[in-house]
$ cat work-v9.cif   # mmCIF, C-alpha atoms
data_target
loop_
_atom_site.label_atom_id
_atom_site.label_comp_id
_atom_site.auth_asym_id
_atom_site.auth_seq_id
_atom_site.Cartn_x
_atom_site.Cartn_y
_atom_site.Cartn_z
CA MET A 1 -107.17 111.06 110.15
CA LYS A 2 -108.13 113.96 112.29
CA LYS A 3 -111.48 112.33 112.62
CA TRP A 4 -109.83 109.30 114.06
CA LEU A 5 -107.90 111.26 116.66
CA SER A 6 -110.83 113.43 117.67
CA PHE A 7 -112.95 110.33 117.90
CA LYS A 8 -110.63 109.11 120.57
CA ARG A 9 -110.71 112.36 122.43
CA GLN A 10 -114.45 112.25 122.68
CA GLN A 11 -114.34 108.76 124.05
CA PRO A 12 -111.66 108.66 126.67
CA GLU A 13 -112.74 105.14 127.65
CA TYR A 14 -111.51 103.87 124.36
CA ARG A 15 -108.09 102.46 125.14
CA VAL A 16 -105.36 101.88 122.67
CA LYS A 17 -102.33 99.82 123.32
CA LEU A 18 -98.96 101.39 122.82
CA ASP A 19 -97.67 98.12 121.38
CA VAL A 20 -98.92 99.13 117.97
CA PHE A 21 -95.99 101.49 117.82
CA GLU A 22 -92.41 100.42 118.18
CA GLY A 23 -91.63 103.53 120.19
CA PRO A 24 -92.11 107.28 120.44
CA LEU A 25 -90.37 107.89 117.11
CA ASP A 26 -92.68 105.42 115.43
CA LEU A 27 -95.74 107.13 116.89
CA LEU A 28 -94.44 110.54 115.91
CA LEU A 29 -93.76 109.40 112.37
CA TYR A 30 -97.24 107.99 112.19
CA LEU A 31 -98.81 111.25 113.36
CA ILE A 32 -96.71 113.23 110.90
CA GLU A 33 -97.61 110.95 108.01
CA GLN A 34 -101.27 110.96 108.93
CA ALA A 35 -101.38 114.74 108.97
CA GLU A 36 -99.34 114.86 105.76
CA ILE A 37 -96.90 117.20 107.37
CA ASP A 38 -93.55 118.09 105.83
CA ILE A 39 -91.06 116.35 108.05
CA TYR A 40 -88.57 119.18 107.52
CA ASP A 41 -91.06 121.75 108.77
CA ILE A 42 -93.03 120.19 111.57
CA PRO A 43 -95.67 122.43 113.18
CA ILE A 44 -94.40 121.56 116.60
CA ALA A 45 -97.33 122.93 118.61
CA TYR A 46 -99.79 120.91 116.58
CA ILE A 47 -97.82 117.69 116.65
CA THR A 48 -97.13 118.00 120.38
CA GLU A 49 -100.83 118.33 120.98
CA GLU A 50 -101.61 115.29 118.83
CA TYR A 51 -98.88 113.31 120.53
CA LEU A 52 -100.10 114.14 124.03
CA ALA A 53 -103.69 113.44 123.03
CA TYR A 54 -102.64 110.04 121.89
CA LEU A 55 -100.73 109.32 125.09
CA ARG A 56 -103.71 110.34 127.20
CA ASN A 57 -105.79 107.65 125.63
CA VAL A 58 -103.30 104.91 125.79
CA GLU A 59 -102.73 102.19 128.30
CA LEU A 60 -99.38 102.76 129.90
CA ASP A 61 -99.00 99.25 131.18
CA ASP A 62 -95.40 98.71 130.31
CA PHE A 63 -93.39 101.14 132.38
CA HIS A 64 -90.23 100.95 130.30
CA GLN A 65 -92.18 101.68 127.17
CA ALA A 66 -94.21 104.37 128.88
CA GLY A 67 -91.01 106.05 130.01
CA ASN A 68 -89.74 106.23 126.43
CA PHE A 69 -92.98 107.85 125.30
CA LEU A 70 -92.94 110.36 128.13
CA ILE A 71 -89.36 111.39 127.45
CA MET A 72 -90.39 112.21 123.91
CA ALA A 73 -93.36 114.19 125.21
CA SER A 74 -91.05 116.33 127.29
CA THR A 75 -88.66 116.76 124.36
CA LEU A 76 -91.55 117.97 122.24
CA MET A 77 -92.68 120.45 124.87
CA GLN A 78 -89.12 121.68 125.27
CA ILE A 79 -88.86 122.30 121.55
CA LYS A 80 -92.21 124.01 121.56
CA ALA A 81 -91.06 126.30 124.36
CA ARG A 82 -87.80 127.12 122.59
CA MET A 83 -89.70 127.97 119.44
CA LEU A 84 -91.75 130.50 121.35
CA LEU A 85 -88.69 132.29 122.63
CA PRO A 86 -87.25 134.99 120.43
CA ALA A 87 -84.07 133.82 118.74
CA PRO A 88 -80.94 135.32 120.24
CA PRO A 89 -79.58 138.13 118.10
CA ARG A 90 -77.16 136.79 115.54
CA LEU A 91 -73.79 138.33 114.96
CA GLU A 92 -73.30 136.86 111.56
CA GLU A 93 -76.00 136.33 109.03
CA GLU A 94 -74.34 133.57 107.04
CA THR A 95 -74.94 130.68 109.41
CA GLY A 96 -77.74 128.51 108.13
CA GLU A 97 -81.11 128.73 109.76
CA GLU A 98 -81.38 125.00 110.13
CA GLU A 99 -78.64 124.67 112.67
CA ASP A 100 -80.47 127.00 114.91
CA ASP A 101 -83.84 125.42 114.51
CA PRO A 102 -84.71 123.71 117.79
CA ARG A 103 -86.53 121.08 115.77
CA TRP A 104 -83.52 119.99 113.81
CA GLU A 105 -82.19 117.35 116.18
CA LEU A 106 -85.59 115.71 116.31
CA VAL A 107 -86.00 115.86 112.55
CA GLU A 108 -82.67 114.14 112.09
CA LYS A 109 -83.69 111.43 114.48
CA LEU A 110 -86.99 110.96 112.70
CA LEU A 111 -85.31 110.74 109.30
CA GLU A 112 -82.83 108.22 110.58
CA TYR A 113 -85.57 106.20 112.23
CA ARG A 114 -87.64 106.26 109.08
CA LYS A 115 -84.76 104.64 107.25
CA ILE A 116 -84.39 101.99 109.93
CA LYS A 117 -88.08 101.22 109.61
CA LYS A 118 -87.74 100.92 105.87
CA ALA A 119 -84.70 98.68 106.22
CA ALA A 120 -86.54 96.52 108.76
CA ALA A 121 -89.49 96.16 106.38
CA LEU A 122 -87.16 95.12 103.56
CA LEU A 123 -85.41 92.61 105.79
CA GLY A 124 -88.84 91.25 106.70
CA GLU A 125 -89.57 90.76 103.00
CA TYR A 126 -86.27 88.98 102.49
CA GLU A 127 -87.00 86.77 105.44
CA GLU A 128 -90.42 85.89 104.07
CA LYS A 129 -89.02 85.15 100.65
CA TRP A 130 -86.15 83.11 101.94
CA SER A 131 -88.38 81.05 104.23
CA ARG A 132 -89.47 79.24 101.06
CA PHE A 133 -86.03 77.74 100.62
CA TYR A 134 -85.45 74.65 102.68
CA SER A 135 -82.02 73.26 103.06
CA ARG A 136 -81.24 69.63 102.52
CA SER A 137 -80.72 68.64 106.12
CA GLY A 138 -82.41 71.43 107.94
CA GLY A 139 -79.07 71.50 109.65
CA ALA A 140 -78.18 74.64 107.83
CA PHE A 141 -80.57 76.70 109.89
CA PRO A 142 -79.62 76.55 113.53
CA ASP A 143 -82.75 78.24 114.77
CA ARG A 144 -85.03 76.06 112.70
CA GLU A 145 -83.40 73.14 114.38
CA CYS A 146 -84.16 74.64 117.74
CA GLU A 147 -87.85 74.40 116.96
CA THR A 148 -87.61 70.63 117.19
CA PRO A 149 -84.55 70.20 119.34
CA ALA A 150 -82.96 66.82 119.57
CA ASP A 151 -84.22 66.02 123.02
CA PRO A 152 -81.20 64.58 124.75
CA VAL A 153 -82.93 63.71 128.01
CA GLY A 154 -86.36 62.57 126.88
CA ASP A 155 -88.76 62.79 129.77
CA LEU A 156 -85.99 62.78 132.30
CA THR A 157 -85.61 65.93 134.33
CA LEU A 158 -82.46 67.29 135.85
CA TRP A 159 -83.98 66.30 139.15
CA ASP A 160 -84.07 62.63 138.09
CA LEU A 161 -80.38 62.76 137.31
CA VAL A 162 -79.58 64.49 140.57
CA GLN A 163 -81.61 61.89 142.43
CA ALA A 164 -79.78 59.08 140.69
CA PHE A 165 -76.49 60.74 141.47
CA LYS A 166 -77.44 61.25 145.09
CA SER A 167 -78.39 57.64 145.65
CA LEU A 168 -75.16 56.57 143.99
CA LEU A 169 -73.18 58.78 146.30
CA GLU A 170 -74.93 57.28 149.28
CA SER A 171 -74.58 53.69 148.17
CA LEU A 172 -70.92 54.05 147.39
CA THR A 173 -69.87 55.84 150.52
CA PRO A 174 -68.08 52.87 152.12
CA ARG A 175 -65.78 52.63 149.15
CA PHE A 176 -64.36 56.08 149.64
CA GLU A 177 -60.80 56.16 150.65
CA VAL A 178 -59.53 57.78 153.76
CA GLU A 179 -59.57 61.50 153.46
CA GLY A 180 -56.27 63.14 152.95
CA MET A 181 -54.96 60.59 150.50
CA PRO A 182 -53.43 62.33 147.52
CA GLN A 183 -55.78 61.93 144.61
CA GLU A 184 -55.39 62.25 140.94
CA GLU A 185 -57.98 64.84 140.06
CA PRO A 186 -59.06 64.98 136.45
CA SER A 187 -60.81 68.10 135.22
CA VAL A 188 -64.40 68.13 133.98
CA GLN A 189 -62.99 68.38 130.46
CA GLU A 190 -60.83 65.29 130.92
CA MET A 191 -63.74 63.45 132.45
CA MET A 192 -65.92 64.34 129.47
CA GLU A 193 -63.37 62.85 127.12
CA LYS A 194 -63.10 59.76 129.26
CA ILE A 195 -66.86 59.26 129.28
CA LEU A 196 -67.06 59.73 125.53
CA SER A 197 -64.30 57.23 124.89
CA ARG A 198 -65.98 54.71 127.18
CA LEU A 199 -69.22 55.20 125.31
CA GLY A 200 -67.26 54.68 122.14
CA GLN A 201 -66.45 51.16 123.28
CA LYS A 202 -69.81 50.34 124.71
CA SER A 203 -73.07 52.19 124.36
CA PRO A 204 -75.42 52.50 126.15
CA LEU A 205 -73.84 52.41 129.58
CA PRO A 206 -75.77 52.37 132.82
CA PHE A 207 -75.50 55.67 134.64
CA SER A 208 -74.02 53.96 137.70
CA ALA A 209 -71.26 52.37 135.64
CA LEU A 210 -69.79 55.78 135.02
CA PHE A 211 -69.12 56.14 138.70
CA ALA A 212 -68.27 52.55 139.52
CA GLU A 213 -64.51 52.89 139.72
CA LEU A 214 -64.39 56.31 141.25
CA THR A 215 -63.13 56.53 144.75
CA SER A 216 -63.54 60.11 145.79
CA ARG A 217 -66.53 62.30 146.22
CA LYS A 218 -64.78 65.01 144.30
CA MET A 219 -64.22 62.80 141.30
CA MET A 220 -67.81 61.69 141.36
CA VAL A 221 -68.95 65.28 141.33
CA THR A 222 -66.56 66.00 138.47
CA SER A 223 -67.99 63.06 136.55
CA PHE A 224 -71.53 64.20 137.18
CA LEU A 225 -70.71 67.68 135.93
CA ALA A 226 -69.10 66.10 132.89
CA VAL A 227 -72.31 64.16 132.20
CA LEU A 228 -74.39 67.33 132.45
CA GLU A 229 -72.00 69.20 130.19
CA LEU A 230 -72.12 66.43 127.61
CA ILE A 231 -75.90 66.52 127.66
CA ILE A 232 -75.89 70.27 127.12
CA ARG A 233 -73.52 69.89 124.20
CA GLN A 234 -75.75 67.14 122.85
CA LYS A 235 -72.89 64.68 122.71
CA ILE A 236 -74.72 62.14 124.81
CA LYS A 237 -78.30 61.27 125.53
CA VAL A 238 -79.86 59.73 128.60
CA ARG A 239 -82.87 57.51 128.87
CA GLN A 240 -84.83 55.77 131.56
CA ASP A 241 -86.98 52.99 130.17
CA VAL A 242 -88.70 52.03 133.39
CA LEU A 243 -89.84 54.42 136.06
CA PHE A 244 -87.23 54.37 138.82
CA GLY A 245 -85.20 52.02 136.64
CA GLU A 246 -81.56 52.40 135.75
CA ILE A 247 -80.77 55.50 133.75
CA GLU A 248 -78.84 54.68 130.61
CA ILE A 249 -76.39 56.89 128.83
CA PHE A 250 -75.62 56.65 125.15
CA ARG A 251 -73.77 58.55 122.51
CA ALA A 252 -75.66 61.03 120.38
CA GLU A 253 -75.43 59.74 116.81
CA GLU A 254 -74.77 62.91 114.89
CA GLY A 255 -71.06 62.90 115.47
CA HIS A 256 -70.22 64.27 112.04
CA ARG A 257 -71.91 67.60 112.66
CA GLU A 258 -69.85 68.43 115.68
CA THR A 259 -66.69 69.02 113.77
CA GLY A 260 -67.78 72.53 112.81
CA MET B 1 -60.02 63.99 85.42
CA ARG B 2 -62.91 64.46 83.11
CA LEU B 3 -64.97 67.59 83.49
CA GLY B 4 -68.14 65.62 84.10
CA LYS B 5 -66.51 63.84 86.99
CA ILE B 6 -65.22 67.08 88.52
CA LYS B 7 -68.71 68.51 88.30
CA GLY B 8 -70.04 65.40 90.00
CA ILE B 9 -67.53 65.79 92.81
CA ILE B 10 -68.50 69.43 93.30
CA GLU B 11 -72.12 68.36 93.49
CA ALA B 12 -71.18 65.79 96.12
CA LEU B 13 -69.25 68.36 98.16
CA ILE B 14 -72.12 70.82 98.22
CA PHE B 15 -74.58 68.08 99.06
CA ALA B 16 -72.49 66.65 101.88
CA SER B 17 -72.10 69.95 103.67
CA SER B 18 -74.75 71.34 105.94
CA GLU B 19 -73.21 74.78 105.43
CA PRO B 20 -72.57 76.70 102.24
CA VAL B 21 -69.33 75.54 100.61
CA SER B 22 -66.99 78.25 99.41
CA LEU B 23 -65.34 78.19 96.02
CA ARG B 24 -61.99 78.30 97.76
CA GLU B 25 -62.73 75.06 99.56
CA ILE B 26 -63.93 73.37 96.38
CA ALA B 27 -60.85 74.56 94.52
CA GLU B 28 -58.55 73.35 97.26
CA ILE B 29 -60.06 69.89 97.42
CA LEU B 30 -60.06 69.41 93.65
CA LYS B 31 -56.77 71.24 93.09
CA ILE B 32 -58.30 73.44 90.42
CA HIS B 33 -58.50 77.20 90.04
CA GLU B 34 -61.24 79.01 91.89
CA ALA B 35 -62.41 80.54 88.63
CA THR B 36 -62.76 77.07 87.09
CA ALA B 37 -64.62 75.87 90.16
CA GLY B 38 -66.88 78.91 89.86
CA GLU B 39 -67.69 78.16 86.25
CA LEU B 40 -68.47 74.53 86.98
CA VAL B 41 -70.70 75.40 89.93
CA GLU B 42 -72.57 77.87 87.77
CA GLU B 43 -73.10 75.19 85.11
CA LEU B 44 -74.36 72.80 87.76
CA LYS B 45 -76.63 75.48 89.13
CA GLU B 46 -78.11 76.15 85.72
CA GLU B 47 -78.75 72.47 85.10
CA TYR B 48 -80.87 72.30 88.22
CA GLU B 49 -82.74 75.47 87.34
CA LYS B 50 -83.32 74.57 83.73
CA ASN B 51 -84.99 71.29 84.59
CA ARG B 52 -87.15 72.81 87.35
CA ARG B 53 -85.74 70.28 89.74
CA GLY B 54 -86.95 70.02 93.32
CA ILE B 55 -83.62 71.15 94.59
CA GLN B 56 -81.44 73.99 93.52
CA ILE B 57 -78.01 75.36 94.23
CA VAL B 58 -77.96 78.87 95.66
CA GLN B 59 -75.12 81.21 96.41
CA VAL B 60 -75.52 82.33 100.00
CA ALA B 61 -73.29 83.48 102.87
CA GLY B 62 -70.21 83.31 100.69
CA GLY B 63 -70.72 79.75 99.49
CA TYR B 64 -72.89 77.34 97.56
CA HIS B 65 -75.69 75.45 99.15
CA PHE B 66 -78.42 72.98 98.21
CA VAL B 67 -81.95 74.18 98.98
CA THR B 68 -85.40 73.14 97.88
CA ASN B 69 -87.03 74.89 94.95
CA PRO B 70 -89.09 77.77 96.44
CA ASP B 71 -91.89 76.96 93.98
CA TYR B 72 -92.52 73.79 95.89
CA ALA B 73 -92.41 75.35 99.36
CA GLU B 74 -96.12 74.76 100.02
CA PHE B 75 -95.62 71.05 99.60
CA VAL B 76 -92.47 70.91 101.68
CA ARG B 77 -94.32 72.70 104.45
CA LYS B 78 -96.94 69.99 104.52
CA MET B 79 -94.37 67.54 105.77
CA LYS B 80 -94.75 67.21 109.49
CA LYS B 81 -91.08 67.10 110.24
CA VAL B 82 -90.25 70.38 108.57
CA PRO B 83 -90.20 72.90 111.37
CA ARG B 84 -92.02 76.16 110.84
CA GLN B 85 -90.39 79.18 112.18
CA ALA B 86 -92.08 82.28 113.44
CA PRO B 87 -90.96 85.34 111.51
CA LEU B 88 -89.05 87.98 113.44
CA SER B 89 -91.11 90.66 115.18
CA GLN B 90 -91.09 94.25 114.00
CA ALA B 91 -89.00 95.21 117.04
CA ALA B 92 -86.45 92.48 116.35
CA LEU B 93 -86.27 93.43 112.68
CA GLU B 94 -85.64 97.08 113.52
CA THR B 95 -82.90 96.22 115.98
CA LEU B 96 -81.40 93.82 113.47
CA ALA B 97 -81.55 96.46 110.74
CA VAL B 98 -79.59 98.91 112.90
CA ILE B 99 -76.96 96.26 113.64
CA ALA B 100 -76.74 95.13 110.02
CA TYR B 101 -76.19 98.63 108.64
CA LYS B 102 -74.22 100.19 111.47
CA GLN B 103 -72.12 97.34 112.77
CA PRO B 104 -70.28 97.08 115.02
CA VAL B 105 -72.70 98.88 117.27
CA THR B 106 -73.42 99.07 121.00
CA ARG B 107 -76.75 98.62 122.72
CA ALA B 108 -76.87 102.30 123.69
CA GLU B 109 -76.33 103.32 120.07
CA ILE B 110 -79.17 101.09 118.90
CA GLU B 111 -81.42 102.48 121.63
CA ALA B 112 -80.62 106.04 120.63
CA LEU B 113 -81.59 105.31 117.03
CA ARG B 114 -84.75 103.38 117.80
CA GLY B 115 -85.78 105.51 120.77
CA VAL B 116 -86.66 102.46 122.85
CA LYS B 117 -84.99 99.86 125.03
CA VAL B 118 -83.69 97.01 122.94
CA GLU B 119 -82.55 94.47 125.50
CA SER B 120 -85.22 91.88 124.76
CA SER B 121 -84.91 92.09 121.00
CA LEU B 122 -81.12 91.81 121.36
CA ASN B 123 -81.62 88.64 123.37
CA THR B 124 -83.98 87.22 120.76
CA LEU B 125 -81.46 87.92 118.02
CA LEU B 126 -78.60 86.42 120.02
CA GLU B 127 -80.66 83.32 120.80
CA ARG B 128 -81.54 82.85 117.16
CA GLY B 129 -77.91 83.18 116.20
CA LEU B 130 -78.50 86.17 113.93
CA ILE B 131 -76.11 88.46 115.76
CA GLU B 132 -73.08 87.98 117.94
CA GLU B 133 -70.90 89.94 120.29
CA LYS B 134 -67.65 91.14 118.84
CA GLY B 135 -65.38 92.78 121.33
CA ARG B 136 -65.98 95.96 123.23
CA LYS B 137 -65.98 99.59 122.34
CA GLU B 138 -63.16 101.64 123.81
CA GLY B 139 -64.47 104.29 126.16
CA PRO B 140 -66.49 104.56 129.37
CA GLY B 141 -67.94 101.24 130.44
CA ARG B 142 -66.39 99.48 127.45
CA PRO B 143 -69.82 98.45 126.10
CA ILE B 144 -70.23 95.25 124.09
CA LEU B 145 -70.25 95.64 120.33
CA TYR B 146 -72.73 93.68 118.24
CA VAL B 147 -72.34 92.44 114.67
CA THR B 148 -74.41 90.20 112.43
CA SER B 149 -73.39 86.55 112.23
CA SER B 150 -72.74 84.52 109.11
CA TYR B 151 -76.02 82.78 109.82
CA PHE B 152 -77.69 86.18 109.45
CA LEU B 153 -76.71 86.07 105.78
CA ARG B 154 -78.21 82.63 105.37
CA HIS B 155 -81.42 83.55 107.15
CA PHE B 156 -82.03 86.39 104.72
CA GLY B 157 -80.57 84.70 101.66
CA LEU B 158 -77.71 87.16 101.28
CA ASN B 159 -74.35 86.26 99.88
CA ASP B 160 -72.54 89.01 101.77
CA LEU B 161 -73.32 92.24 103.59
CA ASN B 162 -73.03 94.25 100.38
CA GLU B 163 -76.26 92.58 99.33
CA LEU B 164 -78.21 94.22 102.14
CA PRO B 165 -81.21 96.04 100.69
CA LYS B 166 -80.44 99.64 99.84
CA VAL B 167 -82.58 102.07 101.73
CA GLU B 168 -83.27 105.03 99.56
CA ASP B 169 -84.08 108.30 101.22
CA PRO B 170 -83.63 111.84 99.92
CA ALA B 171 -81.28 112.68 102.76
CA ASP B 172 -79.52 109.37 102.76
CA ASN B 173 -77.01 109.11 105.49
CA LEU B 174 -77.85 105.71 106.87
CA SER B 175 -74.41 104.46 106.27
CA THR B 176 -74.36 101.32 104.20
CA GLU B 177 -70.69 101.02 104.83
CA VAL B 178 -70.29 97.69 106.50
CA ILE B 179 -67.58 95.36 107.55
CA ILE B 180 -67.73 91.75 106.57
CA ASN B 181 -67.19 89.31 109.37
CA ALA B 182 -63.95 87.48 109.04
CA GLU B 183 -64.68 83.79 109.20
#

$ encode --input "work-v9.cif" --output "structure tokens"
Amino acid sequence: MKKWLSFKRQQPEYRVKLDVFEGPLDLLLYLIEQAEIDIYDIPIAYITEEYLAYLRNVELDDFHQAGNFLIMASTLMQIKARMLLPAPPRLEEETGEEEDDPRWELVEKLLEYRKIKKAAALLGEYEEKWSRFYSRSGGAFPDRECETPADPVGDLTLWDLVQAFKSLLESLTPRFEVEGMPQEEPSVQEMMEKILSRLGQKSPLPFSALFAELTSRKMMVTSFLAVLELIIRQKIKVRQDVLFGEIEIFRAEEGHRETG
Amino acid sequence: MRLGKIKGIIEALIFASSEPVSLREIAEILKIHEATAGELVEELKEEYEKNRRGIQIVQVAGGYHFVTNPDYAEFVRKMKKVPRQAPLSQAALETLAVIAYKQPVTRAEIEALRGVKVESSLNTLLERGLIEEKGRKEGPGRPILYVTSSYFLRHFGLNDLNELPKVEDPADNLSTEVIINAE
């Protein structure tokens, strides 16, 4: 192992990515394990040197990550400095040495991190093992479903919908009532229910039909928001068979899964 | 009702649900004792296992669930429609391990233990539904607390959090004391 580290020192051009390590604790653990050092009695001068040597040869391209590694470097140097100072005279002999050891806090962190690493490795094994079990519908694994999401809008983009909505607004302008008339103003939620119940009677519906009876700009906007919300919740799907043709809206089939 | 029929109904219930079905639910529907339901499910489970059937019943996330026989996974994977899922990264697994064993836990606490920023792995885990936010910690800034979700159990094939792998270490103080999410 020492060979490996000194090899790098001789060839400063050789660049290693920090990504190999999950963080400064991971790197430190690696160096300690490589040198077969007792974690409870770390030769801090030696390990600091190894740590810094490693950092010198590494690409610090991710600043957040680099910061984490540098903080650890300064911690190490601080500990090293404190170890060089004579211990303050003790009044009572009985207090354990460990509490006073400037290394102790770091050792605790390393021990704790080592357990996390072990736990993570075990979880990884469980994950691997369990990936061999497929559920009946695939519906039992939400994130597996995400891999092939039910595509509610097909090739349509949000922009297509906005365009359709915009031209509707323009074409329907004359129908708007005089401003200032008191209007019944349903919420987006109410509008969503209304749209769903309409689709329950007839599906698919042309996009424009949803707005046909509306008489205020505000209500049209509410309806449009309701359509978008329903798409997000995968309750409805939209489709445009012909380019620039009428956009059709229909109910997503899987109604039974939404009860959960 | 004959026992065979009850067993058939239980089979139907487990099959029809996309989520694990708890014994309590089975017992309620059939108006039988949970213990009886448990025995019948176990019998059913054994029948599937004994005959090396393509599907099996497993106990996961506090309920019973139909899954394919892991021995046949290679074949199932050959089907185009079965989505393959990338395993979690080392970083995500470490963050998840901290949350699983220490929950509820704040971001700062996870970062202190891992010694790195964990924002992106937290986001990954939230997106994949493996963890969720559960209230806020009292104190400065009232930081968000994170816990594992019930889907976490299913993803790792655990029945409950007590089944988390035990991490043995001479100086073991990685607390395995966990709270189980109330449904």

$ resolve_selection --input "work-v9.cif" --expression "the PyMOL selection byres ((chain A and resi 190) around 12)" --output "compact mmCIF listing (two decimals) with C-alpha atoms, keeping the file's coordinate frame"
# COMPACT_ATOMS: atom_id res chain seq x y z
CA GLU A 184 -55.39 62.25 140.94
CA GLU A 185 -57.98 64.84 140.06
CA PRO A 186 -59.06 64.98 136.45
CA SER A 187 -60.81 68.10 135.22
CA VAL A 188 -64.40 68.13 133.98
CA GLN A 189 -62.99 68.38 130.46
CA MET A 191 -63.74 63.45 132.45
CA MET A 192 -65.92 64.34 129.47
CA GLU A 193 -63.37 62.85 127.12
CA LYS A 194 -63.10 59.76 129.26
CA ILE A 195 -66.86 59.26 129.28
CA LEU A 196 -67.06 59.73 125.53
CA SER A 197 -64.30 57.23 124.89
CA MET A 219 -64.22 62.80 141.30
CA THR A 222 -66.56 66.00 138.47
CA SER A 223 -67.99 63.06 136.55
CA LEU A 225 -70.71 67.68 135.93
CA ALA A 226 -69.10 66.10 132.89
CA VAL A 227 -72.31 64.16 132.20
CA GLU A 229 -72.00 69.20 130.19
CA LEU A 230 -72.12 66.43 127.61

$ atom_distance --input "work-v9.cif" --atom1 "CA of Glu19 (chain B)" --atom2 "CA of Val167 (chain B)"
29.1 Å

$ residues_around --input "work-v9.cif" --residues "region 14-17 of chain B" --least-positions-apart "4" --cutoff "9 Å" --atoms "only C-alpha atoms" --output "PyMOL selection string"
(chain A and resi 136+140) or (chain B and resi 9-10+21+26+57+64-66)

$ residues_around --input "work-v9.cif" --residues "Ser171 (chain A)" --least-positions-apart "5" --cutoff "12 Å" --atoms "all atoms listed in the file" --output "ChimeraX atom specification"
/A:164-166,176,208,211-212,217

$ closest_residue --input "work-v9.cif" --among "B:Ala27, B:Ile110, B:Ala97, B:Met1" --to "chain A" --atoms "all atoms listed in the file"
B:Ala97

$ resolve_selection --input "work-v9.cif" --expression "the PyMOL selection byres ((chain B and resi 122) around 10)" --output "list of chain:residue names"
B:Ala91, B:Ala92, B:Thr95, B:Leu96, B:Ile99, B:Arg107, B:Ile110, B:Lys117, B:Val118, B:Glu119, B:Ser120, B:Ser121, B:Asn123, B:Thr124, B:Leu125, B:Leu126, B:Glu127, B:Arg128, B:Leu130, B:Ile131, B:Glu132, B:Tyr146

$ write_last_selection --input "work-v9.cif" --atoms "C-alpha atoms" --output "JSON list (two decimals), in the frame of the given file"
[["chain", "number", "residue", "atom", "x", "y", "z"],
["B", 91, "ALA", "CA", -89.00, 95.21, 117.04],
["B", 92, "ALA", "CA", -86.45, 92.48, 116.35],
["B", 95, "THR", "CA", -82.90, 96.22, 115.98],
["B", 96, "LEU", "CA", -81.40, 93.82, 113.47],
["B", 99, "ILE", "CA", -76.96, 96.26, 113.64],
["B", 107, "ARG", "CA", -76.75, 98.62, 122.72],
["B", 110, "ILE", "CA", -79.17, 101.09, 118.90],
["B", 117, "LYS", "CA", -84.99, 99.86, 125.03],
["B", 118, "VAL", "CA", -83.69, 97.01, 122.94],
["B", 119, "GLU", "CA", -82.55, 94.47, 125.50],
["B", 120, "SER", "CA", -85.22, 91.88, 124.76],
["B", 121, "SER", "CA", -84.91, 92.09, 121.00],
["B", 123, "ASN", "CA", -81.62, 88.64, 123.37],
["B", 124, "THR", "CA", -83.98, 87.22, 120.76],
["B", 125, "LEU", "CA", -81.46, 87.92, 118.02],
["B", 126, "LEU", "CA", -78.60, 86.42, 120.02],
["B", 127, "GLU", "CA", -80.66, 83.32, 120.80],
["B", 128, "ARG", "CA", -81.54, 82.85, 117.16],
["B", 130, "LEU", "CA", -78.50, 86.17, 113.93],
["B", 131, "ILE", "CA", -76.11, 88.46, 115.76],
["B", 132, "GLU", "CA", -73.08, 87.98, 117.94],
["B", 146, "TYR", "CA", -72.73, 93.68, 118.24]]

$ resolve_selection --input "work-v9.cif" --expression "the PyMOL selection byres ((chain A and resi 161) around 12)" --output "PDB file with C-alpha atoms, in the frame of the given file"
ATOM      1  CA  VAL A 153     -82.930  63.710 128.010  1.00  0.00           C
ATOM      2  CA  ASP A 155     -88.760  62.790 129.770  1.00  0.00           C
ATOM      3  CA  LEU A 156     -85.990  62.780 132.300  1.00  0.00           C
ATOM      4  CA  THR A 157     -85.610  65.930 134.330  1.00  0.00           C
ATOM      5  CA  LEU A 158     -82.460  67.290 135.850  1.00  0.00           C
ATOM      6  CA  TRP A 159     -83.980  66.300 139.150  1.00  0.00           C
ATOM      7  CA  ASP A 160     -84.070  62.630 138.090  1.00  0.00           C
ATOM      8  CA  VAL A 162     -79.580  64.490 140.570  1.00  0.00           C
ATOM      9  CA  GLN A 163     -81.610  61.890 142.430  1.00  0.00           C
ATOM     10  CA  ALA A 164     -79.780  59.080 140.690  1.00  0.00           C
ATOM     11  CA  PHE A 165     -76.490  60.740 141.470  1.00  0.00           C
ATOM     12  CA  LYS A 166     -77.440  61.250 145.090  1.00  0.00           C
ATOM     13  CA  SER A 167     -78.390  57.640 145.650  1.00  0.00           C
ATOM     14  CA  LEU A 168     -75.160  56.570 143.990  1.00  0.00           C
ATOM     15  CA  PHE A 207     -75.500  55.670 134.640  1.00  0.00           C
ATOM     16  CA  SER A 208     -74.020  53.960 137.700  1.00  0.00           C
ATOM     17  CA  PHE A 224     -71.530  64.200 137.180  1.00  0.00           C
ATOM     18  CA  LEU A 225     -70.710  67.680 135.930  1.00  0.00           C
ATOM     19  CA  VAL A 227     -72.310  64.160 132.200  1.00  0.00           C
ATOM     20  CA  LEU A 228     -74.390  67.330 132.450  1.00  0.00           C
ATOM     21  CA  ILE A 231     -75.900  66.520 127.660  1.00  0.00           C
ATOM     22  CA  VAL A 238     -79.860  59.730 128.600  1.00  0.00           C
ATOM     23  CA  ARG A 239     -82.870  57.510 128.870  1.00  0.00           C
ATOM     24  CA  GLN A 240     -84.830  55.770 131.560  1.00  0.00           C
ATOM     25  CA  PHE A 244     -87.230  54.370 138.820  1.00  0.00           C
ATOM     26  CA  GLY A 245     -85.200  52.020 136.640  1.00  0.00           C
ATOM     27  CA  GLU A 246     -81.560  52.400 135.750  1.00  0.00           C
ATOM     28  CA  ILE A 247     -80.770  55.500 133.750  1.00  0.00           C
ATOM     29  CA  GLU A 248     -78.840  54.680 130.610  1.00  0.00           C
ATOM     30  CA  ILE A 249     -76.390  56.890 128.830  1.00  0.00           C
TER      31      ILE A 249
END
